[in-house]
Amino acid sequence: MVFSLCSFQPSHLQLFSFRMMLKMNHKTEASKEKWMVRKAKRDGMVMPSWFDIHEIPVTASSPQDESGLLKAVRNVHAIIDKEIAAGTNPNNVFVCGFSQGGALTLASVLMYPKTLGGGAVFSGWIPFNSSMPEQFPSDAAKTPILWSHGMADKTVLFEAGQAGPPFLERAGVTCEFKAYPGLGHSISNEELRHLESWIKARLQSSS
């Protein structure tokens with residue numbers, strides 16, 4: 001089971017190729033995919049969003065909307081809970097997100113009470129303060145993270161992505177960080193190919 005967290009804006013539409021990439025020849029629960037999209041108001045305008053973003057570009061020191069984030073995390077957890085209750089192996093649950101969806105992916109897997117197959121963050125950032133790791137369940141730290149970021153990103157600056165691995169290391173979380181020279185706030189085919197191999201390497205056969 002792969003959960004894709006995204007906002008549908010023109011620059012984000014490349015994520016649709018993710019749907020084609022996931023047509024794997026694996027007889028596992030992870031061959032299924034669900035898409036989740038949310039809208040919120042910002043400055044009186046409705047726009048695709050999971051929680052409030054206080055400034056763009058997002059930097060490593062941007063202010064965070066932790067209350068909105070935690071509400072979004074609860075929504076994601078409820079959907080994961082439902083899938084696991086229906087028989088999906090938690091180790092075959094992968095949460096993947098782009099931009100704000102990447103930040104939510106990070107929060108959702110690190111605050112989930114069980115170890116999941118993995119979390120993939122594309123052009124995301126750390127959406128909470130440095131004290132939050134104290135609230136991470138011990139099993140959550142065992143969920144591996146793949147973090148991909150374009151070095152030419154002017155919406156979520158590369159420095160915001162670079163801050164991820166040291167933060168996760170301090171929390172005891174394994175993170176593979178991939179930098180993509182010349183890539184802006186988007187997802188490349190190269191990133192998707194690597195994501196495919198990363199997920200395939202972690203899939204577990206249905207029992």
# chains A, B, ... in the order shown; residues from 1 in each chain; ligands from 1
>>> residues_around(residues="Leu110 in chain A", least_positions_apart="4", cutoff="10 Å", atoms="only C-alpha atoms", output="ChimeraX atom specification")
/A:104-106,114-116,119,132-133,135-145,168,171,173
>>> closest_residue(among="A:Thr88, A:Gln162, A:Ser108, A:Ser186", to="Trp125 in chain A", atoms="only C-alpha atoms")
A:Gln162
>>> select_by_dssp(residues="range 39-119 of chain A", states="alpha helix (DSSP H)", output="number ranges by chain")
A: 66-85, 100-110
>>> closest_residue(among="A:Leu146, A:Ala179, A:Ile126, A:Val93", to="Ala163 in chain A", atoms="only C-alpha atoms")
A:Ile126
